[in-house]
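K.L.:
Let me give you the structure first, and then I'll get to my questions.
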Amino acid sequence: MPSIAVKLYSVFFKFLLKHRLQNRIQTHVDESSNQYGVTTRPEESVSATNPSFTDGIATKDIHIDPSTALSVRIFLPESSLSPPEPKSKPGSSQQDESDSLNHRRNSYPNIGAPTNDSRRSSLEGSKLRSDDNVYRGYSPLPQNCRRLPIMLQFHGGGWVSGSNDSVANDIFCRRIAKLCDVIIVAVGYRLAPENKYPAAFEDGLKVLYWLAKQANLAECSKSMGSGALGVGAEFTKTQVQRHLVDAFGASMVEPWLAAHGDPSRCVLLGVSCGANIADYVARKAVEAGRLLDPVKVVAQVLMYPFFIGNVPTRSEINLANSYFYDKPMCLLAWKLFLPEEEFSLDHPAANPLVPDRGPPLKFMPPTLTVVAEHDWMRDRAIAYSEALRKVNVDAPVLEYKDAVHEFATLDMLLNTPQAQACAEDIAIWVKKYISLRGHEFSY
């Protein structure tokens, strides 16, 4: 059973959540009046970005859609500054990576001093920092940078709360970025009831296409900058940027992703209702196929998905009044999220096993599902995983005893041994699909 502290905090959490949901209903305005939307609530604590490598991770926020509030927060591990490994060896270890990073730091004793254009060219491929030790990003030669897999992360909060820049989500993303050695792109999707379904789902898919666009922009920038478009062709930086704007619209290359991201190893990770978004994005990625090149979704992680259905499962009956997110509270969240004319517990956004949801499950990427013993939504998540395994999709389930919904991501529970163990378990499985070494353990 959960501890006394967890039980007491659950009572307080439910009271506060119910109050906020009722306020959302009372202050709800017609969705057509605010298509721009909101991605965070005033009462929530947010974490400021820090482009220096505090705790081994640099962060930055990017507003990627001028017509909406959609934004992303990028988490870049310091390990990305290591030179690329020439050939991966089965016996290589994390110590080798640490030694490589230390060697890189010692190789550039003057980095951090002011540089002019001529000196900057001689440091091409090295990390560029200012006097205040703030990482500015750069566009090195491909052979001089280490490319990491990219993980799109979708936060939880029952559609109406939570954010990609909350303190709890920031801590969780830093932990996963370091354990998995990936660049995390945390999605700040629009919240309900200001923006009902399908706004959050469309935002998730839009970020995936933005990632593909960024990869193509980076490739074009690299080709044009090297004069690859014609014999003897020379382009100034301004000319390159003008051409890219004309070809792709008003978008510029994001330097962190251009320098270090490997979109061919893309993983989706969703927390609670964010797992529903991740599964939707995975389905759309399957349908898009090569239209998303060079982005390839190689796996997804669904952490205690926010699934529900008209026909209740055993856990939905026996655990309806469970800790933190009980069933009556979640039903209210679904009513705030789904348009009134579309409301149904068997809505494709809610029930992953409704017929004709498409595409066929056999085409879905490998899917790891995390469930908690005291979560009333657990059985439907397990049933979805079983359906995937029946069509030969790698879809293991990690069930944690005495755990509650959001046990690994809720602010109060983030520092528990169970939360840390869950993150480590996720990293073990994810590395099976993103590693270039091929010797990681898996379930």
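Ligands are numbered from 1 in the order shown, residues from 1 within each chain, and chains are lettered A, B, ... in the order they appear in the structure tokens.
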Do you have, as a tab-separated table, the list of residues of stretch 143-195 of chain A lying at most 8 Å from stretch 47-62 of chain A, each with its nearest atom pair and that distance in Å to one decimal, counting only C-alpha atoms and ordered by chain then number?

P.N.:
residue	atom	partner	partner_atom	distance
A:Asp165	CA	A:Ser47	CA	5.7
A:Ser166	CA	A:Ser47	CA	5.6
A:Val167	CA	A:Ser47	CA	4.9
A:Asp170	CA	A:Ser47	CA	6.7
A:Arg174	CA	A:Ile57	CA	6.6
A:Ala177	CA	A:Ile57	CA	8.0
A:Lys178	CA	A:Gly56	CA	7.8

K.L.:
Hey, what does DSSP flag as alpha helix (DSSP H) within stretch 150-395 of chain A? Can you give it to me as a PyMOL selection string?

P.N.:
chain A and resi 167-180+199-225+237-248+255-260+273-288+314-318+327-337+378-390

K.L.:
Which distance in Å separates atom CA of A:Ser79 and atom CA of A:Leu257, to one decimal?

P.N.:
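Spanning atom CA of A:Ser79 to atom CA of A:Leu257 is a straight-line distance of 14.1 Å.
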
K.L.:
Of the candidates A:Met252, A:Ala192, A:Ile277, A:Leu368, which shows the shortest atom-to-atom distance to A:Ala218, using only C-alpha atoms?

P.N.:
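Of A:Met252, A:Ala192, A:Ile277, A:Leu368, the one nearest A:Ala218 is A:Met252, counting only C-alpha atoms.
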
K.L.:
Go through A:Gly309, A:Gly261, A:Gly157, A:Gly188 and flag the residue nearest A:Ser80, using only C-alpha atoms for the distances.

P.N.:
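Checking each of A:Gly309, A:Gly261, A:Gly157, A:Gly188 against A:Ser80, counting only C-alpha atoms, the winner is A:Gly261.
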
K.L.:
Out of A:Ala408, A:Ala212, A:Ile184, A:Ala349, which residue has the shortest atom-to-atom distance to A:Asp293 when counting only C-alpha atoms?

P.N.:
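Ranking A:Ala408, A:Ala212, A:Ile184, A:Ala349 by distance to A:Asp293, first place goes to A:Ala212.
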
K.L.:
So that I can see what lies close to A:Pro294, please list as an MDAnalysis selection string the residues with an atom at most 8 Å from it, counting only C-alpha atoms and leaving out residues fewer than 2 positions away in the same chain.

P.N.:
chainID A and resid 212 215:216 263:264 290 292 296

K.L.:
Just to be explicit: take each residue in the selection above, keep N, CA and C atoms, and write the result as an mmCIF file, in the first residue's frame.

P.N.:
data_model
loop_
_atom_site.group_PDB
_atom_site.id
_atom_site.type_symbol
_atom_site.label_atom_id
_atom_site.label_comp_id
_atom_site.auth_asym_id
_atom_site.auth_seq_id
_atom_site.Cartn_x
_atom_site.Cartn_y
_atom_site.Cartn_z
ATOM 1 N N ALA A 212 10.874 17.249 -38.695
ATOM 2 C CA ALA A 212 11.286 16.859 -40.044
ATOM 3 C C ALA A 212 11.714 18.082 -40.857
ATOM 4 N N ALA A 215 15.172 19.157 -39.827
ATOM 5 C CA ALA A 215 16.209 18.284 -40.377
ATOM 6 C C ALA A 215 16.503 18.634 -41.834
ATOM 7 N N ASN A 216 15.458 18.918 -42.601
ATOM 8 C CA ASN A 216 15.654 19.277 -44.005
ATOM 9 C C ASN A 216 16.261 20.665 -44.156
ATOM 10 N N PRO A 263 17.342 12.657 -36.250
ATOM 11 C CA PRO A 263 15.901 12.416 -36.365
ATOM 12 C C PRO A 263 15.540 11.017 -36.838
ATOM 13 N N SER A 264 16.531 10.276 -37.340
ATOM 14 C CA SER A 264 16.238 8.900 -37.767
ATOM 15 C C SER A 264 16.085 7.963 -36.564
ATOM 16 N N ARG A 290 7.143 7.750 -45.542
ATOM 17 C CA ARG A 290 8.350 8.467 -45.969
ATOM 18 C C ARG A 290 8.123 9.962 -46.124
ATOM 19 N N LEU A 292 7.636 11.821 -43.805
ATOM 20 C CA LEU A 292 8.292 12.405 -42.643
ATOM 21 C C LEU A 292 9.816 12.329 -42.720
ATOM 22 N N LYS A 296 12.193 9.219 -38.250
ATOM 23 C CA LYS A 296 11.675 7.866 -38.127
ATOM 24 C C LYS A 296 11.387 7.572 -36.663
#

K.L.:
Find the spatial neighbours of A:Val397, counting only C-alpha atoms, within a cut-off of 8 Å - ignore same-chain residues fewer than 2 positions away - and output them as a compact mmCIF listing (two decimals) with all heavy atoms, in the first residue's frame.

P.N.:
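Listing of selection.txt after writing:
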# COMPACT_ATOMS: atom_id res chain seq x y z
N LEU A 368 6.51 0.47 -25.15
CA LEU A 368 6.65 0.12 -23.74
C LEU A 368 5.54 0.81 -22.96
O LEU A 368 5.35 2.02 -23.08
CB LEU A 368 8.01 0.57 -23.20
CG LEU A 368 8.23 0.41 -21.70
CD1 LEU A 368 8.23 -1.06 -21.29
CD2 LEU A 368 9.52 1.10 -21.25
N THR A 369 4.81 0.03 -22.15
CA THR A 369 3.72 0.58 -21.34
C THR A 369 4.07 0.46 -19.87
O THR A 369 4.43 -0.62 -19.39
CB THR A 369 2.40 -0.15 -21.63
OG1 THR A 369 2.10 -0.06 -23.03
CG2 THR A 369 1.25 0.46 -20.83
N VAL A 370 3.96 1.58 -19.15
CA VAL A 370 4.22 1.62 -17.72
C VAL A 370 2.88 1.79 -17.00
O VAL A 370 2.10 2.69 -17.32
CB VAL A 370 5.16 2.79 -17.36
CG1 VAL A 370 5.32 2.91 -15.85
CG2 VAL A 370 6.51 2.63 -18.03
N VAL A 371 2.59 0.90 -16.04
CA VAL A 371 1.34 0.99 -15.29
C VAL A 371 1.62 0.89 -13.80
O VAL A 371 2.66 0.39 -13.37
CB VAL A 371 0.34 -0.12 -15.70
CG1 VAL A 371 -0.06 0.03 -17.16
CG2 VAL A 371 0.92 -1.50 -15.45
N ILE A 382 -3.02 -2.20 -20.24
CA ILE A 382 -2.47 -3.56 -20.40
C ILE A 382 -3.14 -4.26 -21.57
O ILE A 382 -2.48 -4.97 -22.35
CB ILE A 382 -2.67 -4.35 -19.09
CG1 ILE A 382 -1.80 -3.74 -17.98
CG2 ILE A 382 -2.31 -5.83 -19.30
CD1 ILE A 382 -2.05 -4.35 -16.62
N SER A 385 -1.60 -3.12 -24.75
CA SER A 385 -0.30 -3.75 -24.93
C SER A 385 -0.44 -5.19 -25.41
O SER A 385 0.30 -5.65 -26.28
CB SER A 385 0.48 -3.69 -23.62
OG SER A 385 1.77 -4.24 -23.77
N ALA A 395 5.92 -5.12 -27.23
CA ALA A 395 5.10 -4.25 -26.38
C ALA A 395 5.07 -4.77 -24.95
O ALA A 395 4.05 -5.26 -24.46
CB ALA A 395 3.68 -4.15 -26.95
N GLU A 399 4.88 -3.12 -14.67
CA GLU A 399 3.89 -2.81 -13.62
C GLU A 399 4.62 -2.62 -12.30
O GLU A 399 5.45 -3.44 -11.91
CB GLU A 399 2.86 -3.93 -13.49
CG GLU A 399 1.82 -3.66 -12.42
CD GLU A 399 0.75 -4.74 -12.35
OE1 GLU A 399 0.76 -5.66 -13.20
OE2 GLU A 399 -0.10 -4.66 -11.45

K.L.:
Once DSSP has gone over the backbone, tell me which residues of stretch 330-435 of chain A are in strand (DSSP E or B), as a list in words.

P.N.:
Thr367, Leu368, Thr369, Val370, Val371, Ala372, Val397, Leu398, Glu399 and Tyr400 of chain A

K.L.:
Of the residues A:Ser45, A:Ala427, A:Ala200, A:Ser344, which is the one nearest to A:Val311, using only C-alpha atoms?

P.N.:
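Under the stated criterion, the closest residue is A:Ser344.
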
K.L.:
A:Lys362: which residues within 8 Å, counting only C-alpha atoms, same-chain residues fewer than 3 positions away excluded, as a list in words?

P.N.:
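The filter keeps Leu388, Val391, Asn392 and Val393 of chain A.
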
K.L.:
Produce a file of the selected residues containing all heavy atoms, as a CSV table (one decimal), in the first residue's frame.

P.N.:
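Produced file again.csv, reproduced below:
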chain,number,residue,atom,x,y,z
A,388,LEU,N,-1.2,-5.3,-29.1
A,388,LEU,CA,0.0,-5.1,-29.9
A,388,LEU,C,0.8,-6.3,-30.0
A,388,LEU,O,1.4,-6.7,-31.0
A,388,LEU,CB,0.8,-3.9,-29.3
A,388,LEU,CG,0.2,-2.5,-29.4
A,388,LEU,CD1,1.0,-1.5,-28.6
A,388,LEU,CD2,0.2,-2.1,-30.9
A,391,VAL,N,-0.1,-9.0,-32.5
A,391,VAL,CA,0.3,-8.8,-33.9
A,391,VAL,C,1.9,-8.7,-34.0
A,391,VAL,O,2.4,-8.0,-35.0
A,391,VAL,CB,-0.4,-7.6,-34.5
A,391,VAL,CG1,-1.9,-7.9,-34.7
A,391,VAL,CG2,-0.2,-6.4,-33.7
A,392,ASN,N,2.6,-9.2,-33.0
A,392,ASN,CA,4.0,-9.3,-33.1
A,392,ASN,C,4.8,-8.0,-32.9
A,392,ASN,O,5.9,-7.8,-33.5
A,392,ASN,CB,4.5,-10.0,-34.3
A,392,ASN,CG,4.0,-11.5,-34.4
A,392,ASN,OD1,4.0,-12.2,-33.4
A,392,ASN,ND2,3.6,-11.9,-35.6
A,393,VAL,N,4.1,-7.0,-32.3
A,393,VAL,CA,4.8,-5.8,-31.9
A,393,VAL,C,5.5,-6.0,-30.6
A,393,VAL,O,4.9,-6.5,-29.6
A,393,VAL,CB,3.8,-4.6,-31.9
A,393,VAL,CG1,4.5,-3.3,-31.4
A,393,VAL,CG2,3.2,-4.4,-33.3
